[in-house]
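Have a look at the structure below, then the notes.
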Amino acid sequence: MDAKTSLKSRLPSRHVTEGPAKAPHRSYLYAMGLTTEQIHQPLVGVASCWNEAAPCNISLMRQAQAVKKGVAAAGATPREFCTITVTDGIAMGHEGMKSSLPSREVIADSVELTIRGHSYDALVGIAGCDKSLPGMMMAMCRLNVPSIFIYGGSILPGTFKGQPVTIQDVFEAVGKHSVGSMSDGDLDTLERNACPSAGACGAQFTANTMATVSEAIGLALPYSAGAPAPYEIRDAFCMTAGEQIVDLIKANLRPRDIVTRKALENAAAVVSASGGSTNAALHLPAIAHECGIEFDLFDVAEIFKRTPYIADLKPGGRYVAKDMFEVGGIPLLMKTLLDHGYLHGDCMTVTGRTIAENLKNVKWNDEQDVVRPANKPLSPNGGVVGLKGNLAPDGAIVKVAGMENLKFSGPARCFDGEEACFEAVRKKQYKEGDVFVIRYEGPRGGPGMREMLATTAALYGQGMGNKVALITDGRFSGATRGFCIGHVGPEAAVGGPIAHVRDGDIIEIDAEKGTLDVKLTKAEFDERAKSWKPRESTASSGYLWKYAEQVGPARQGAVTHPGGAAEKACYADI
């Protein structure tokens, strides 16, 4: 038995390519122009989230072609397929946002079904927008075949009146326009120039946060997640990933060998250090769940609490992803964290080497100020903070990167859904010091746990971003700034405390202590709960109904199936 035959004998694709009984299966492969040699090589699924919905996805098909060249050059056979993406920037501020978080599950599920149905041996996954990144990594961990993640890359910054801008500036411009501080002409000019290229939103919003995670968790090649989408070097990273996946097949190095508890802690550390999106506190538990590892919101928050904030990235800072890549990339960020004891260096990665081995030759760059040394941070505590209290027994999350005041207290203004709150903000029907409460927007109650960027950006545009606070059982975009607290659990739809808050109740937020409380006694809460009744879901059929029926709490990542802990057989071992 030669080496190729020996390798094939343990791979899933043997079920569709080997032996006389598989003649019908092989006939389909011959129909697509495959040679006999290609059929009997390992079959590598090359999955991309390409579509024409937004610039974050538009370059993914080109990058998939480079991956396929690498796979073929290394002696395996690439099989390309696409899955969906819902792009948050376009879904934001209307009913479409209810589709965003559920799309993460559809991405993971559809990649799983495609790999399972066609018995592919490995996966190279290319993703470009907020939910497609964790969705692809979830599929890799669920299937547990050798896998490499590739980020499609960030967008280049736009220019408005000689200043660099991002999509965040456009959302905030809507608020400025609503109070007459921006003209129609300026708004038109800004929207035409804010997004000048292919790529995902350029600051440390959710896409770039999860791209940073992909390197720190070990599923992406070093430097690959930082290069902007238009840079030609992206094709080189893709080609290399295609070649490297074949080495992983031969070594039988799998995602669950890489995504360990320590790797998840590394991922949480880079989120905190980079002032990343609060959505990471939802996605990291979901990725852990696929591996059968318990790692919930409080575990993530514990890492946040002890990790310094060192990357001066928007929305709280000055720079965008392109800037960090050009001064040393994600490895520069990881190197200083490792050197000062904030990363586990012994975690394995898709290079076949450990984090410490990958970073061994990374030199600190003194000629830049995008990333600070970990012992001279922007803030000694993380850029993201977990909260807990009588209003959030199951936790909540807030992004504090760039904030000066970490305490807030004020009367509640309650809204059952985002639209009513946005309308109050648009009409300026609120006061300085108010605490907006948007509820029934959780995973089950929304359904879909919408982001509230339209509302928070409008507040900033009106100059009130630091003068009010907002809490919700929904989510916030990575572009959100100010005292905006999401993931409040248990959510209102299941009778959580947020359902019982009333206008005028005093809410106290302390991001230094990590507390979120309302000035009510337990007896008062219990009395209010007696009159509470579950609301009828707005989703009575279709996927959102299915999602609402299955989805779990935000604390565990808003997942929809039992996960790796309940698994009786791993796909990779069929």
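Labels used: A, B, ... for chains in the order of the structure tokens, numbers from 1 for residues in each chain, and numbers from 1 for ligands as shown.
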Original post:
Quick one: DSSP strand (DSSP E) residues in region 5-78 of chain A, as a ChimeraX atom specification?
Top reply: /A:43-48,77-78
Just write the chosen residues, N, CA, C and O atoms, as a short mmCIF file (atom, residue, chain, number, x, y, z; two decimals), in the first residue's frame.
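Output file selection-v3.cif is given in full below:
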```cif
data_model
loop_
_atom_site.label_atom_id
_atom_site.label_comp_id
_atom_site.auth_asym_id
_atom_site.auth_seq_id
_atom_site.Cartn_x
_atom_site.Cartn_y
_atom_site.Cartn_z
N LEU A 43 -10.05 15.06 -0.61
CA LEU A 43 -10.96 16.08 -1.10
C LEU A 43 -11.08 17.18 -0.05
O LEU A 43 -11.48 16.92 1.09
N VAL A 44 -10.75 18.40 -0.43
CA VAL A 44 -10.74 19.53 0.51
C VAL A 44 -11.88 20.49 0.16
O VAL A 44 -11.93 21.05 -0.94
N GLY A 45 -12.81 20.66 1.09
CA GLY A 45 -13.86 21.65 0.90
C GLY A 45 -13.29 23.05 1.05
O GLY A 45 -12.62 23.36 2.02
N VAL A 46 -13.54 23.90 0.06
CA VAL A 46 -13.13 25.31 0.12
C VAL A 46 -14.42 26.12 0.18
O VAL A 46 -15.09 26.34 -0.84
N ALA A 47 -14.78 26.52 1.38
CA ALA A 47 -16.06 27.20 1.61
C ALA A 47 -15.86 28.69 1.72
O ALA A 47 -14.98 29.16 2.45
N SER A 48 -16.65 29.46 1.02
CA SER A 48 -16.59 30.91 1.16
C SER A 48 -17.99 31.46 1.38
O SER A 48 -18.99 30.85 1.00
N THR A 77 -7.36 17.65 -3.76
CA THR A 77 -8.35 18.10 -4.74
C THR A 77 -9.34 19.05 -4.08
O THR A 77 -10.10 18.64 -3.20
N PRO A 78 -9.34 20.33 -4.49
CA PRO A 78 -10.26 21.30 -3.88
C PRO A 78 -11.66 21.20 -4.46
O PRO A 78 -11.84 20.96 -5.65
#
```
Using only C-alpha atoms, I'd like a table of the residues in region 224-324 of chain A that come within 12 Å of region 450-474 of chain A; for each, show the closest atom pair and its distance in Å rounded to one decimal, ordered by chain and ascending number, as JSON lines.
```
{"residue": "A:Ser277", "atom": "CA", "partner": "A:Glu451", "partner_atom": "CA", "distance": 11.7}
{"residue": "A:Thr278", "atom": "CA", "partner": "A:Glu451", "partner_atom": "CA", "distance": 10.8}
{"residue": "A:Asn279", "atom": "CA", "partner": "A:Glu451", "partner_atom": "CA", "distance": 9.6}
{"residue": "A:Leu282", "atom": "CA", "partner": "A:Gly474", "partner_atom": "CA", "distance": 11.2}
{"residue": "A:Pro315", "atom": "CA", "partner": "A:Ala457", "partner_atom": "CA", "distance": 11.3}
```
Using N, CA and C atoms, can you write the selected residues to a file as a PDB file, in the first residue's frame?
```pdb
ATOM      1  N   SER A 277     -14.985  43.966  19.961  1.00  0.00           N
ATOM      2  CA  SER A 277     -16.442  43.993  20.033  1.00  0.00           C
ATOM      3  C   SER A 277     -16.968  43.141  21.181  1.00  0.00           C
ATOM      4  N   THR A 278     -18.036  43.626  21.816  1.00  0.00           N
ATOM      5  CA  THR A 278     -18.713  42.840  22.852  1.00  0.00           C
ATOM      6  C   THR A 278     -19.290  41.549  22.285  1.00  0.00           C
ATOM      7  N   ASN A 279     -19.490  41.488  20.972  1.00  0.00           N
ATOM      8  CA  ASN A 279     -20.038  40.276  20.373  1.00  0.00           C
ATOM      9  C   ASN A 279     -19.125  39.067  20.558  1.00  0.00           C
ATOM     10  N   LEU A 282     -20.228  36.578  22.946  1.00  0.00           N
ATOM     11  CA  LEU A 282     -21.269  35.667  22.472  1.00  0.00           C
ATOM     12  C   LEU A 282     -20.660  34.560  21.615  1.00  0.00           C
ATOM     13  N   PRO A 315     -13.437  51.725  17.504  1.00  0.00           N
ATOM     14  CA  PRO A 315     -14.082  53.020  17.670  1.00  0.00           C
ATOM     15  C   PRO A 315     -13.637  53.827  18.890  1.00  0.00           C
TER      16      PRO A 315
END
```
**OP:** Using only C-alpha atoms, find the one residue out of A:Thr114, A:Lys98, A:Val327, A:Gly275 that sits nearest to Thr538 (chain A).
**Re:** A:Lys98
Original post:
region 500-505 of chain A: which residues within 10 Å, counting only C-alpha atoms, same-chain residues fewer than 4 positions away excluded, as a list in words?
Top reply: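 Counting only C-alpha atoms, the residues come to Leu391, Gly410, Pro411, Ala412, Arg413, Cys414, Phe415, Asp434, Val435, Phe436, Val437, Arg439, Ala492, Gly495, Gly496, Val518, Lys519, Leu520, Glu524, Phe525, Asp526, Glu527, Arg528, Ala529, Lys530, Ser531 and Trp532 of chain A.
In this structure, CA of Arg116 (chain A) sits 25.7 Å away from CA of Met348 (chain A).
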Original post:
Within 6 Å of region 133-139 of chain A, counting only C-alpha atoms, which residues qualify if same-chain residues fewer than 6 places away don't, as a VMD selection string?
Top reply: chain A and resid 104 107 to 108 112 127 287
Original post:
region 219-230 of chain A: which residues within 9 Å, counting only C-alpha atoms, same-chain residues fewer than 5 positions away excluded, as a PyMOL selection string?
Top reply: chain A and resi 56+59-60+137+147-156+197-200+202+208+211-214+237-238+240-241+255+258-259+321-322+324-326+328-331+349-351+358-359
Subject >> Interatomic distance (Å, one decimal) between CA of Ser119 (chain A) and CA of Ser103 (chain A) >> reply: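 So the answer is 23.6 Å.
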Neighbouring residues of Ile90 (chain A) were defined as those with any atom within 12 Å, considering only C-alpha atoms; residues of the same chain fewer than 3 positions away were excluded. Please report them as a PDB file with N, CA, C and O atoms, in the first residue's frame.
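Heads up, here's the output in around_17.pdb:
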```
ATOM      1  N   GLU A  52     -23.013  39.187  -3.140  1.00  0.00           N
ATOM      2  CA  GLU A  52     -23.000  40.573  -3.606  1.00  0.00           C
ATOM      3  C   GLU A  52     -23.768  41.495  -2.666  1.00  0.00           C
ATOM      4  O   GLU A  52     -24.243  42.556  -3.073  1.00  0.00           O
ATOM      5  N   ALA A  53     -23.885  41.086  -1.400  1.00  0.00           N
ATOM      6  CA  ALA A  53     -24.639  41.884  -0.440  1.00  0.00           C
ATOM      7  C   ALA A  53     -23.858  43.092   0.046  1.00  0.00           C
ATOM      8  O   ALA A  53     -24.436  44.137   0.339  1.00  0.00           O
ATOM      9  N   ALA A  54     -22.542  42.946   0.176  1.00  0.00           N
ATOM     10  CA  ALA A  54     -21.758  44.023   0.804  1.00  0.00           C
ATOM     11  C   ALA A  54     -20.286  43.875   0.444  1.00  0.00           C
ATOM     12  O   ALA A  54     -19.837  42.799   0.028  1.00  0.00           O
ATOM     13  N   PRO A  55     -19.492  44.923   0.647  1.00  0.00           N
ATOM     14  CA  PRO A  55     -18.069  44.859   0.276  1.00  0.00           C
ATOM     15  C   PRO A  55     -17.275  43.834   1.070  1.00  0.00           C
ATOM     16  O   PRO A  55     -16.231  43.377   0.597  1.00  0.00           O
ATOM     17  N   CYS A  56     -17.743  43.458   2.258  1.00  0.00           N
ATOM     18  CA  CYS A  56     -16.993  42.492   3.062  1.00  0.00           C
ATOM     19  C   CYS A  56     -16.927  41.118   2.411  1.00  0.00           C
ATOM     20  O   CYS A  56     -16.026  40.321   2.714  1.00  0.00           O
ATOM     21  N   THR A  85     -24.320  34.814   3.877  1.00  0.00           N
ATOM     22  CA  THR A  85     -23.900  35.825   4.843  1.00  0.00           C
ATOM     23  C   THR A  85     -25.011  36.856   4.959  1.00  0.00           C
ATOM     24  O   THR A  85     -25.582  37.249   3.943  1.00  0.00           O
ATOM     25  N   VAL A  86     -25.310  37.261   6.172  1.00  0.00           N
ATOM     26  CA  VAL A  86     -26.155  38.434   6.394  1.00  0.00           C
ATOM     27  C   VAL A  86     -25.231  39.535   6.899  1.00  0.00           C
ATOM     28  O   VAL A  86     -24.538  39.363   7.897  1.00  0.00           O
ATOM     29  N   THR A  87     -25.183  40.640   6.201  1.00  0.00           N
ATOM     30  CA  THR A  87     -24.245  41.708   6.514  1.00  0.00           C
ATOM     31  C   THR A  87     -24.897  42.736   7.425  1.00  0.00           C
ATOM     32  O   THR A  87     -25.884  43.373   7.052  1.00  0.00           O
ATOM     33  N   GLY A  93     -30.799  48.443  11.959  1.00  0.00           N
ATOM     34  CA  GLY A  93     -31.806  49.476  12.135  1.00  0.00           C
ATOM     35  C   GLY A  93     -33.182  49.146  11.595  1.00  0.00           C
ATOM     36  O   GLY A  93     -34.057  50.017  11.532  1.00  0.00           O
ATOM     37  N   HIS A  94     -33.419  47.911  11.212  1.00  0.00           N
ATOM     38  CA  HIS A  94     -34.745  47.500  10.745  1.00  0.00           C
ATOM     39  C   HIS A  94     -34.917  46.005  11.022  1.00  0.00           C
ATOM     40  O   HIS A  94     -34.061  45.370  11.656  1.00  0.00           O
ATOM     41  N   GLU A  95     -36.004  45.427  10.573  1.00  0.00           N
ATOM     42  CA  GLU A  95     -36.317  44.025  10.876  1.00  0.00           C
ATOM     43  C   GLU A  95     -35.266  43.060  10.354  1.00  0.00           C
ATOM     44  O   GLU A  95     -35.128  41.949  10.856  1.00  0.00           O
ATOM     45  N   GLY A  96     -34.504  43.489   9.352  1.00  0.00           N
ATOM     46  CA  GLY A  96     -33.481  42.614   8.795  1.00  0.00           C
ATOM     47  C   GLY A  96     -32.443  42.186   9.803  1.00  0.00           C
ATOM     48  O   GLY A  96     -31.836  41.110   9.662  1.00  0.00           O
ATOM     49  N   MET A  97     -32.208  43.005  10.851  1.00  0.00           N
ATOM     50  CA  MET A  97     -31.198  42.662  11.851  1.00  0.00           C
ATOM     51  C   MET A  97     -31.577  41.411  12.645  1.00  0.00           C
ATOM     52  O   MET A  97     -30.714  40.760  13.228  1.00  0.00           O
ATOM     53  N   LYS A  98     -32.851  41.053  12.630  1.00  0.00           N
ATOM     54  CA  LYS A  98     -33.246  39.807  13.307  1.00  0.00           C
ATOM     55  C   LYS A  98     -32.650  38.584  12.620  1.00  0.00           C
ATOM     56  O   LYS A  98     -32.578  37.513  13.214  1.00  0.00           O
ATOM     57  N   SER A  99     -32.214  38.744  11.392  1.00  0.00           N
ATOM     58  CA  SER A  99     -31.626  37.630  10.647  1.00  0.00           C
ATOM     59  C   SER A  99     -30.132  37.479  10.893  1.00  0.00           C
ATOM     60  O   SER A  99     -29.547  36.462  10.508  1.00  0.00           O
ATOM     61  N   SER A 100     -29.516  38.464  11.515  1.00  0.00           N
ATOM     62  CA  SER A 100     -28.057  38.485  11.612  1.00  0.00           C
ATOM     63  C   SER A 100     -27.499  37.357  12.476  1.00  0.00           C
ATOM     64  O   SER A 100     -26.764  36.496  11.986  1.00  0.00           O
ATOM     65  N   CYS A 129     -17.620  38.756   7.052  1.00  0.00           N
ATOM     66  CA  CYS A 129     -18.508  39.647   7.794  1.00  0.00           C
ATOM     67  C   CYS A 129     -18.800  39.074   9.182  1.00  0.00           C
ATOM     68  O   CYS A 129     -18.524  37.911   9.458  1.00  0.00           O
ATOM     69  N   ASP A 130     -19.404  39.907  10.024  1.00  0.00           N
ATOM     70  CA  ASP A 130     -19.468  39.656  11.458  1.00  0.00           C
ATOM     71  C   ASP A 130     -19.811  38.225  11.873  1.00  0.00           C
ATOM     72  O   ASP A 130     -19.087  37.597  12.640  1.00  0.00           O
ATOM     73  N   ILE A 167     -17.381  53.400   8.436  1.00  0.00           N
ATOM     74  CA  ILE A 167     -18.847  53.308   8.416  1.00  0.00           C
ATOM     75  C   ILE A 167     -19.450  53.851   9.708  1.00  0.00           C
ATOM     76  O   ILE A 167     -20.580  54.369   9.723  1.00  0.00           O
ATOM     77  N   PHE A 171     -22.969  56.203  10.294  1.00  0.00           N
ATOM     78  CA  PHE A 171     -24.081  55.977  11.214  1.00  0.00           C
ATOM     79  C   PHE A 171     -24.244  57.161  12.163  1.00  0.00           C
ATOM     80  O   PHE A 171     -25.360  57.602  12.444  1.00  0.00           O
ATOM     81  N   CYS A 201     -15.759  46.077   7.587  1.00  0.00           N
ATOM     82  CA  CYS A 201     -15.619  47.352   8.296  1.00  0.00           C
ATOM     83  C   CYS A 201     -14.244  47.448   8.944  1.00  0.00           C
ATOM     84  O   CYS A 201     -13.782  46.529   9.616  1.00  0.00           O
ATOM     85  N   GLU A 451     -28.681  44.025  16.937  1.00  0.00           N
ATOM     86  CA  GLU A 451     -27.753  45.069  17.359  1.00  0.00           C
ATOM     87  C   GLU A 451     -28.461  46.421  17.309  1.00  0.00           C
ATOM     88  O   GLU A 451     -29.383  46.612  16.534  1.00  0.00           O
ATOM     89  N   LEU A 453     -26.985  49.600  16.778  1.00  0.00           N
ATOM     90  CA  LEU A 453     -26.071  50.643  16.325  1.00  0.00           C
ATOM     91  C   LEU A 453     -26.809  51.880  15.824  1.00  0.00           C
ATOM     92  O   LEU A 453     -26.356  53.007  16.047  1.00  0.00           O
ATOM     93  N   ALA A 454     -27.923  51.699  15.163  1.00  0.00           N
ATOM     94  CA  ALA A 454     -28.638  52.866  14.643  1.00  0.00           C
ATOM     95  C   ALA A 454     -29.012  53.810  15.777  1.00  0.00           C
ATOM     96  O   ALA A 454     -28.879  55.033  15.668  1.00  0.00           O
TER      97      ALA A 454
END
```
**OP:** Return the single residue from A:Trp545, A:Tyr430, A:Tyr120, A:Phe205 that is closest to Gly317 (chain A), with distances computed using only C-alpha atoms.
**Re:** A:Phe205
**OP:** Step one, run DSSP on the backbone; step two, keep only residues of region 126-182 of chain A assigned to helix (DSSP H, G or I); then write them as a PyMOL selection string.
**Re:** chain A and resi 132-143+167-178
Subject >> Distance criterion (only C-alpha atoms): nearest to Lys314 (chain A) out of A:Ala479, A:Val551, A:Ala21, A:Ala267 >> reply: A:Ala479
Original post:
What is the CA of Gly158 (chain A) to CA of Thr189 (chain A) distance in Å?
Top reply: 11.1 Å
